[in-house]
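Engineer: Here you go, this is input11.txt (compact mmCIF, N, CA and C atoms and all ligand atoms).
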# COMPACT_ATOMS: atom_id res chain seq x y z
N MET L 559 -1.78 -39.00 -37.43
CA MET L 559 -2.77 -38.29 -36.61
C MET L 559 -2.49 -38.50 -35.12
N LYS L 560 -2.18 -39.75 -34.77
CA LYS L 560 -1.87 -40.07 -33.37
C LYS L 560 -0.65 -39.28 -32.89
N LYS L 561 0.33 -39.20 -33.80
CA LYS L 561 1.58 -38.51 -33.44
C LYS L 561 1.32 -37.03 -33.13
N ILE L 562 0.47 -36.45 -33.96
CA ILE L 562 0.17 -35.02 -33.75
C ILE L 562 -0.50 -34.83 -32.39
N GLY L 563 -1.41 -35.79 -32.08
CA GLY L 563 -2.09 -35.73 -30.78
C GLY L 563 -1.10 -35.80 -29.65
N LEU L 564 -0.17 -36.72 -29.74
CA LEU L 564 0.83 -36.90 -28.69
C LEU L 564 1.69 -35.63 -28.56
N PHE L 565 2.06 -35.09 -29.72
CA PHE L 565 2.88 -33.89 -29.72
C PHE L 565 2.16 -32.74 -28.99
N LEU L 566 0.86 -32.65 -29.30
CA LEU L 566 0.07 -31.59 -28.66
C LEU L 566 0.03 -31.77 -27.14
N VAL L 567 -0.22 -33.02 -26.74
CA VAL L 567 -0.29 -33.31 -25.29
C VAL L 567 1.02 -32.96 -24.61
N LEU L 568 2.14 -33.39 -25.25
CA LEU L 568 3.45 -33.09 -24.66
C LEU L 568 3.68 -31.58 -24.58
N GLY L 569 3.29 -30.92 -25.68
CA GLY L 569 3.45 -29.47 -25.72
C GLY L 569 2.68 -28.80 -24.60
N LEU L 570 1.46 -29.21 -24.41
CA LEU L 570 0.62 -28.62 -23.37
C LEU L 570 1.20 -28.90 -21.98
N LEU L 571 1.68 -30.14 -21.82
CA LEU L 571 2.28 -30.51 -20.53
C LEU L 571 3.46 -29.61 -20.21
N THR L 572 4.30 -29.42 -21.24
CA THR L 572 5.48 -28.58 -21.04
C THR L 572 5.06 -27.17 -20.65
N LEU L 573 4.09 -26.64 -21.39
CA LEU L 573 3.61 -25.30 -21.08
C LEU L 573 3.09 -25.23 -19.65
N GLY L 574 2.32 -26.27 -19.30
CA GLY L 574 1.75 -26.34 -17.96
C GLY L 574 2.83 -26.32 -16.90
N LEU L 575 3.88 -27.10 -17.13
CA LEU L 575 4.97 -27.19 -16.15
C LEU L 575 5.67 -25.85 -16.01
N VAL L 576 5.92 -25.21 -17.16
CA VAL L 576 6.61 -23.91 -17.12
C VAL L 576 5.76 -22.91 -16.36
N ALA L 577 4.45 -22.89 -16.67
CA ALA L 577 3.57 -21.94 -16.00
C ALA L 577 3.54 -22.19 -14.51
N CYS L 578 3.45 -23.48 -14.12
CA CYS L 578 3.39 -23.82 -12.71
C CYS L 578 4.66 -23.37 -12.00
N GLY L 579 5.82 -23.63 -12.66
CA GLY L 579 7.08 -23.24 -12.05
C GLY L 579 7.11 -21.76 -11.77
N GLY L 580 6.66 -20.97 -12.75
CA GLY L 580 6.65 -19.51 -12.59
C GLY L 580 5.76 -19.10 -11.43
N ASP L 581 4.58 -19.68 -11.37
CA ASP L 581 3.63 -19.33 -10.30
C ASP L 581 4.23 -19.60 -8.93
N LYS L 582 4.88 -20.75 -8.85
CA LYS L 582 5.41 -21.16 -7.55
C LYS L 582 6.43 -20.14 -7.04
N GLU L 583 7.32 -19.73 -7.93
CA GLU L 583 8.33 -18.77 -7.54
C GLU L 583 7.70 -17.46 -7.06
N GLU L 584 6.71 -17.01 -7.84
CA GLU L 584 6.04 -15.77 -7.47
C GLU L 584 5.37 -15.89 -6.10
N THR L 585 4.71 -17.03 -5.88
CA THR L 585 4.05 -17.25 -4.60
C THR L 585 5.04 -17.19 -3.46
N ASN L 586 6.22 -17.82 -3.68
CA ASN L 586 7.23 -17.81 -2.63
C ASN L 586 7.68 -16.39 -2.29
N VAL L 587 7.90 -15.59 -3.32
CA VAL L 587 8.33 -14.21 -3.10
C VAL L 587 7.26 -13.46 -2.32
N LYS L 588 6.02 -13.65 -2.74
CA LYS L 588 4.92 -12.96 -2.07
C LYS L 588 4.84 -13.37 -0.60
N ALA L 589 4.94 -14.69 -0.37
CA ALA L 589 4.87 -15.19 1.00
C ALA L 589 5.99 -14.59 1.83
N GLN L 590 7.17 -14.47 1.22
CA GLN L 590 8.31 -13.90 1.93
C GLN L 590 8.03 -12.44 2.29
N GLU L 591 7.51 -11.70 1.33
CA GLU L 591 7.21 -10.29 1.59
C GLU L 591 6.19 -10.16 2.71
N GLU L 592 5.17 -11.01 2.66
CA GLU L 592 4.15 -10.95 3.70
C GLU L 592 4.74 -11.26 5.06
N THR L 593 5.62 -12.26 5.10
CA THR L 593 6.25 -12.61 6.37
C THR L 593 7.06 -11.43 6.90
N ASN L 594 7.82 -10.80 6.02
CA ASN L 594 8.62 -9.65 6.44
C ASN L 594 7.75 -8.54 7.01
N SER L 595 6.67 -8.21 6.30
CA SER L 595 5.85 -7.10 6.77
C SER L 595 5.09 -7.49 8.04
N GLU L 596 4.81 -8.79 8.19
CA GLU L 596 4.15 -9.23 9.42
C GLU L 596 5.07 -9.04 10.62
N VAL L 597 6.34 -9.38 10.43
CA VAL L 597 7.30 -9.22 11.51
C VAL L 597 7.41 -7.75 11.88
N ALA L 598 7.54 -6.90 10.83
CA ALA L 598 7.72 -5.47 11.07
C ALA L 598 6.48 -4.86 11.71
N SER L 599 5.29 -5.38 11.37
CA SER L 599 4.08 -4.73 11.84
C SER L 599 3.50 -5.37 13.10
N ALA L 600 4.20 -6.38 13.62
CA ALA L 600 3.66 -7.11 14.77
C ALA L 600 3.37 -6.17 15.95
N ASP L 601 4.26 -5.22 16.20
CA ASP L 601 4.05 -4.32 17.34
C ASP L 601 3.71 -2.90 16.88
N ALA L 602 3.22 -2.80 15.64
CA ALA L 602 2.95 -1.46 15.10
C ALA L 602 1.60 -0.94 15.54
N GLU L 603 1.56 0.37 15.75
CA GLU L 603 0.29 1.02 16.02
C GLU L 603 -0.39 1.21 14.67
N GLU L 604 -1.67 0.87 14.59
CA GLU L 604 -2.31 0.84 13.28
C GLU L 604 -3.33 1.96 13.11
N PHE L 605 -3.28 2.60 11.97
CA PHE L 605 -4.26 3.63 11.63
C PHE L 605 -4.90 3.27 10.29
N THR L 606 -6.21 3.36 10.22
CA THR L 606 -6.89 3.17 8.95
C THR L 606 -7.46 4.51 8.51
N ILE L 607 -7.03 4.94 7.35
CA ILE L 607 -7.46 6.22 6.81
C ILE L 607 -8.51 5.95 5.74
N THR L 608 -9.63 6.66 5.80
CA THR L 608 -10.65 6.46 4.77
C THR L 608 -10.74 7.72 3.90
N ALA L 609 -11.00 7.50 2.62
CA ALA L 609 -11.04 8.61 1.67
C ALA L 609 -12.29 8.54 0.80
N THR L 610 -12.85 9.71 0.52
CA THR L 610 -13.93 9.82 -0.46
C THR L 610 -13.53 10.94 -1.41
N ASN L 611 -14.37 11.28 -2.36
CA ASN L 611 -14.14 12.45 -3.23
C ASN L 611 -14.63 13.70 -2.49
N TRP L 612 -13.87 14.65 -2.07
CA TRP L 612 -12.44 14.74 -2.10
C TRP L 612 -12.02 15.13 -0.71
N GLU L 613 -12.02 14.14 0.13
CA GLU L 613 -11.77 14.40 1.54
C GLU L 613 -11.32 13.10 2.22
N PHE L 614 -10.40 13.24 3.17
CA PHE L 614 -10.11 12.11 4.04
C PHE L 614 -11.12 12.16 5.16
N THR L 615 -11.89 11.10 5.32
CA THR L 615 -13.02 11.15 6.25
C THR L 615 -12.67 10.63 7.64
N SER L 616 -11.49 10.03 7.79
CA SER L 616 -11.06 9.62 9.13
C SER L 616 -10.37 10.83 9.78
N ASP L 617 -9.80 10.63 10.96
CA ASP L 617 -9.11 11.72 11.66
C ASP L 617 -8.11 12.39 10.73
N LYS L 618 -8.17 13.73 10.68
CA LYS L 618 -7.26 14.45 9.77
C LYS L 618 -5.93 14.75 10.44
N GLU L 619 -5.85 14.39 11.73
CA GLU L 619 -4.59 14.60 12.43
C GLU L 619 -4.22 13.31 13.15
N LEU L 620 -3.08 12.77 12.80
CA LEU L 620 -2.61 11.55 13.44
C LEU L 620 -1.41 11.90 14.30
N THR L 621 -1.39 11.39 15.52
CA THR L 621 -0.25 11.65 16.39
C THR L 621 0.41 10.33 16.74
N ILE L 622 1.70 10.28 16.49
CA ILE L 622 2.44 9.05 16.80
C ILE L 622 3.68 9.39 17.61
N LYS L 623 4.24 8.39 18.25
CA LYS L 623 5.45 8.59 19.04
C LYS L 623 6.69 8.35 18.19
N LYS L 624 7.66 9.24 18.36
CA LYS L 624 8.93 9.08 17.66
C LYS L 624 9.53 7.70 17.98
N GLY L 625 9.99 7.02 16.95
CA GLY L 625 10.64 5.73 17.14
C GLY L 625 9.69 4.55 17.18
N SER L 626 8.38 4.80 17.20
CA SER L 626 7.45 3.67 17.25
C SER L 626 7.10 3.20 15.84
N ASN L 627 6.78 1.94 15.76
CA ASN L 627 6.35 1.37 14.47
C ASN L 627 4.91 1.75 14.20
N VAL L 628 4.66 2.23 13.00
CA VAL L 628 3.31 2.66 12.65
C VAL L 628 2.89 1.97 11.36
N LYS L 629 1.67 1.49 11.37
CA LYS L 629 1.13 0.86 10.17
C LYS L 629 -0.02 1.72 9.67
N LEU L 630 0.07 2.13 8.42
CA LEU L 630 -0.99 2.93 7.82
C LEU L 630 -1.72 2.12 6.78
N ASN L 631 -3.03 2.20 6.82
CA ASN L 631 -3.84 1.52 5.81
C ASN L 631 -4.80 2.54 5.22
N LEU L 632 -4.99 2.46 3.93
CA LEU L 632 -5.89 3.39 3.25
C LEU L 632 -7.05 2.64 2.62
N VAL L 633 -8.26 3.10 2.91
CA VAL L 633 -9.45 2.51 2.30
C VAL L 633 -10.15 3.60 1.49
N ASN L 634 -10.25 3.39 0.19
CA ASN L 634 -10.97 4.34 -0.66
C ASN L 634 -12.45 3.98 -0.66
N GLU L 635 -13.25 4.84 -0.03
CA GLU L 635 -14.70 4.58 -0.02
C GLU L 635 -15.35 5.13 -1.28
N GLU L 636 -14.66 6.07 -1.90
CA GLU L 636 -15.13 6.65 -3.16
C GLU L 636 -13.92 7.22 -3.88
N GLY L 637 -13.85 7.00 -5.18
CA GLY L 637 -12.74 7.54 -5.95
C GLY L 637 -11.47 6.75 -5.73
N VAL L 638 -10.40 7.23 -6.34
CA VAL L 638 -9.10 6.57 -6.24
C VAL L 638 -8.09 7.56 -5.67
N HIS L 639 -7.60 7.26 -4.49
CA HIS L 639 -6.68 8.16 -3.80
C HIS L 639 -5.50 7.39 -3.24
N GLY L 640 -4.43 8.10 -3.03
CA GLY L 640 -3.25 7.52 -2.39
C GLY L 640 -2.74 8.53 -1.38
N ILE L 641 -1.71 8.16 -0.64
CA ILE L 641 -1.13 9.08 0.34
C ILE L 641 0.37 8.98 0.27
N SER L 642 1.02 10.15 0.22
CA SER L 642 2.48 10.08 0.21
C SER L 642 3.10 11.22 0.99
N ASN L 643 4.31 10.97 1.44
CA ASN L 643 5.16 12.00 2.02
C ASN L 643 6.60 11.59 1.77
N ASP L 644 7.29 12.39 0.94
CA ASP L 644 8.65 12.03 0.54
C ASP L 644 9.61 12.00 1.72
N GLU L 645 9.44 12.96 2.63
CA GLU L 645 10.35 13.08 3.76
C GLU L 645 10.34 11.81 4.62
N LEU L 646 9.13 11.26 4.79
CA LEU L 646 8.99 10.06 5.62
C LEU L 646 9.11 8.78 4.79
N GLY L 647 9.18 8.95 3.47
CA GLY L 647 9.27 7.78 2.59
C GLY L 647 7.99 6.98 2.55
N ILE L 648 6.87 7.67 2.70
CA ILE L 648 5.57 6.97 2.66
C ILE L 648 4.97 7.08 1.27
N ASP L 649 4.59 5.94 0.72
CA ASP L 649 3.86 5.92 -0.55
C ASP L 649 2.77 4.86 -0.39
N LEU L 650 1.63 5.33 0.10
CA LEU L 650 0.55 4.41 0.49
C LEU L 650 -0.50 4.31 -0.60
N LYS L 651 -0.83 3.09 -0.95
CA LYS L 651 -1.91 2.85 -1.92
C LYS L 651 -3.04 2.12 -1.21
N ALA L 652 -4.22 2.19 -1.77
CA ALA L 652 -5.39 1.58 -1.14
C ALA L 652 -5.17 0.09 -0.88
N ASP L 653 -5.51 -0.32 0.31
CA ASP L 653 -5.47 -1.74 0.71
C ASP L 653 -4.08 -2.38 0.62
N LYS L 654 -3.04 -1.53 0.58
CA LYS L 654 -1.66 -2.05 0.64
C LYS L 654 -0.97 -1.32 1.78
N PRO L 655 -1.16 -1.81 3.00
CA PRO L 655 -0.64 -1.08 4.16
C PRO L 655 0.88 -0.89 4.10
N VAL L 656 1.34 0.20 4.66
CA VAL L 656 2.78 0.41 4.80
C VAL L 656 3.12 0.50 6.29
N VAL L 657 4.30 0.02 6.61
CA VAL L 657 4.80 0.09 7.98
C VAL L 657 6.04 0.95 7.96
N PHE L 658 6.12 1.90 8.86
CA PHE L 658 7.33 2.73 8.91
C PHE L 658 7.59 3.18 10.33
N THR L 659 8.78 3.70 10.54
CA THR L 659 9.17 4.23 11.84
C THR L 659 9.62 5.66 11.63
N ALA L 660 9.01 6.58 12.36
CA ALA L 660 9.39 7.99 12.24
C ALA L 660 10.53 8.27 13.20
N ASP L 661 11.65 8.75 12.67
CA ASP L 661 12.83 8.97 13.49
C ASP L 661 12.98 10.41 13.98
N THR L 662 12.22 11.32 13.36
CA THR L 662 12.34 12.71 13.78
C THR L 662 10.98 13.25 14.18
N THR L 663 10.99 14.12 15.20
CA THR L 663 9.74 14.74 15.62
C THR L 663 9.38 15.86 14.65
N GLY L 664 8.12 16.23 14.65
CA GLY L 664 7.69 17.32 13.80
C GLY L 664 6.31 17.07 13.23
N GLU L 665 5.89 18.01 12.41
CA GLU L 665 4.59 17.88 11.75
C GLU L 665 4.81 17.63 10.27
N PHE L 666 4.16 16.61 9.76
CA PHE L 666 4.34 16.26 8.37
C PHE L 666 2.99 16.27 7.66
N GLU L 667 2.99 16.78 6.45
CA GLU L 667 1.75 16.76 5.66
C GLU L 667 1.71 15.50 4.82
N LEU L 668 0.59 14.81 4.92
CA LEU L 668 0.37 13.65 4.05
C LEU L 668 -0.62 14.09 2.99
N LEU L 669 -0.20 14.00 1.75
CA LEU L 669 -1.03 14.50 0.66
C LEU L 669 -1.54 13.37 -0.21
N CYS L 670 -2.67 13.64 -0.87
CA CYS L 670 -3.18 12.67 -1.83
C CYS L 670 -2.16 12.57 -2.96
N SER L 671 -1.78 11.35 -3.29
CA SER L 671 -0.71 11.14 -4.27
C SER L 671 -1.24 10.77 -5.65
N ILE L 672 -2.54 10.67 -5.77
CA ILE L 672 -3.13 10.32 -7.07
C ILE L 672 -4.00 11.49 -7.52
N PHE L 673 -3.72 11.98 -8.71
CA PHE L 673 -4.49 13.12 -9.19
C PHE L 673 -5.93 12.68 -9.42
N CYS L 674 -6.80 13.08 -8.48
CA CYS L 674 -8.11 12.43 -8.39
C CYS L 674 -9.28 13.31 -8.81
N GLY L 675 -9.00 14.50 -9.30
CA GLY L 675 -10.09 15.37 -9.71
C GLY L 675 -9.55 16.74 -10.06
N ALA L 676 -10.39 17.75 -9.97
CA ALA L 676 -9.93 19.11 -10.23
C ALA L 676 -8.80 19.43 -9.26
N THR L 677 -7.83 20.23 -9.73
CA THR L 677 -6.64 20.51 -8.93
C THR L 677 -6.98 20.95 -7.51
N LYS L 678 -7.95 21.86 -7.37
CA LYS L 678 -8.26 22.39 -6.04
C LYS L 678 -8.85 21.30 -5.13
N ASP L 679 -9.61 20.40 -5.70
CA ASP L 679 -10.18 19.30 -4.91
C ASP L 679 -9.09 18.33 -4.47
N HIS L 680 -8.26 17.97 -5.44
CA HIS L 680 -7.16 17.03 -5.18
C HIS L 680 -6.22 17.61 -4.13
N GLU L 681 -5.88 18.89 -4.28
CA GLU L 681 -4.90 19.49 -3.36
C GLU L 681 -5.48 19.73 -1.97
N ALA L 682 -6.80 19.67 -1.85
CA ALA L 682 -7.43 19.87 -0.53
C ALA L 682 -7.35 18.61 0.32
N MET L 683 -6.96 17.50 -0.31
CA MET L 683 -6.90 16.24 0.43
C MET L 683 -5.58 16.13 1.20
N LYS L 684 -5.66 16.46 2.48
CA LYS L 684 -4.45 16.50 3.30
C LYS L 684 -4.70 15.91 4.67
N LEU L 685 -3.65 15.35 5.22
CA LEU L 685 -3.67 14.90 6.60
C LEU L 685 -2.42 15.45 7.26
N THR L 686 -2.49 15.61 8.56
CA THR L 686 -1.29 16.01 9.28
C THR L 686 -0.83 14.87 10.18
N LEU L 687 0.42 14.54 10.08
CA LEU L 687 1.00 13.51 10.93
C LEU L 687 1.94 14.18 11.91
N LYS L 688 1.62 14.07 13.20
CA LYS L 688 2.48 14.68 14.22
C LYS L 688 3.32 13.61 14.86
N VAL L 689 4.61 13.82 14.85
CA VAL L 689 5.51 12.88 15.52
C VAL L 689 6.02 13.56 16.78
N VAL L 690 5.70 12.98 17.91
CA VAL L 690 6.05 13.61 19.19
C VAL L 690 7.03 12.74 19.97
N GLU L 691 7.71 13.35 20.92
CA GLU L 691 8.67 12.62 21.79
C GLU L 691 7.94 11.61 22.66
CU CU W 701 -7.42 12.20 -3.83
Hey, can you dump this file as structure tokens for me?
Structural biologist:
Amino acid sequence: MKKIGLFLVLGLLTLGLVACGGDKEETNVKAQEETNSEVASADAEEFTITATNWEFTSDKELTIKKGSNVKLNLVNEEGVHGISNDELGIDLKADKPVVFTADTTGEFELLCSIFCGATKDHEAMKLTLKVVE
């Protein structure tokens, strides 16, 4: 009986150690990612976009300077929405800010990237991003 108890304790300890090791590695990766994005976003101009069903309720037109660092944040006040633009390589999810630099001037449409309701409602969710000299 004692032996079984000891075996169980050892087994649990081993499991605990393995689990801890895994957690630690994940934490390190996360910390690294955060550090990277902090460096990139240190001088970024920040925009917070808010969304409800089925409209972006913040400014529908964002103007940024070509070559500047921009940080976009999305807050879903209602429903589940995302924002994407393939040309700019933006794939923004709620509360996961993205930092990017626009290299070309022009007008870009930012569309809701999550199918969030009837097609016409979902497709009406648009923002315009203007990149100027
Ligand atoms: Cu949407």
Engineer: Any residue with an atom at most 12 Å from ligand CU 701 (chain W) counts, using only C-alpha atoms and all ligand atoms. Which are they? Put them as a ChimeraX atom specification.
Structural biologist: /L:608-615,632-642,650-652,668-685
Engineer: Have a look at atom C of Thr606 (chain L) and atom N of Asp653 (chain L) and let me know their distance in Å, one decimal.
Structural biologist: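 Separation between atom C of Thr606 (chain L) and atom N of Asp653 (chain L): 9.7 Å.
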Engineer: One decimal, Å: what's the distance from CA of Lys618 (chain L) over to CA of Thr662 (chain L), could you say?
Structural biologist: 20.1 Å
Engineer: State, in Å with one decimal place, the distance from CA of Lys623 (chain L) to CA of Glu667 (chain L).
Structural biologist: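 So the answer is 16.1 Å.
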Engineer: Can you tell me, as number ranges by chain, which residues in region 624-683 of chain L count as helix (DSSP H, G or I) by DSSP?
Structural biologist: L: 677-681
Engineer: Around (3.3, 8.3, 15.8), as given in the file, which residues come within 6 Å? Count all atoms listed in the file and list them as a list in words.
Structural biologist: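 Residues satisfying the cut-off, written out: Thr621, Ile622, Lys623, Lys624, Lys688, Val689 and Val690 of chain L.
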Engineer: Nearest to Gly664 (chain L): which of L:Leu687, L:Val628, L:Leu620, L:Ile648 is it, counting only N, CA and C atoms?
Structural biologist: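 Using only N, CA and C atoms, Gly664 (chain L) sits closest to L:Leu687.
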Engineer: Determine the nearest neighbour of Lys629 (chain L) from the options L:Pro655, L:Glu665, L:Thr686, L:Gly647, counting only N, CA and C atoms.
Structural biologist: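 Nearest candidate to Lys629 (chain L) out of L:Pro655, L:Glu665, L:Thr686, L:Gly647: L:Pro655.
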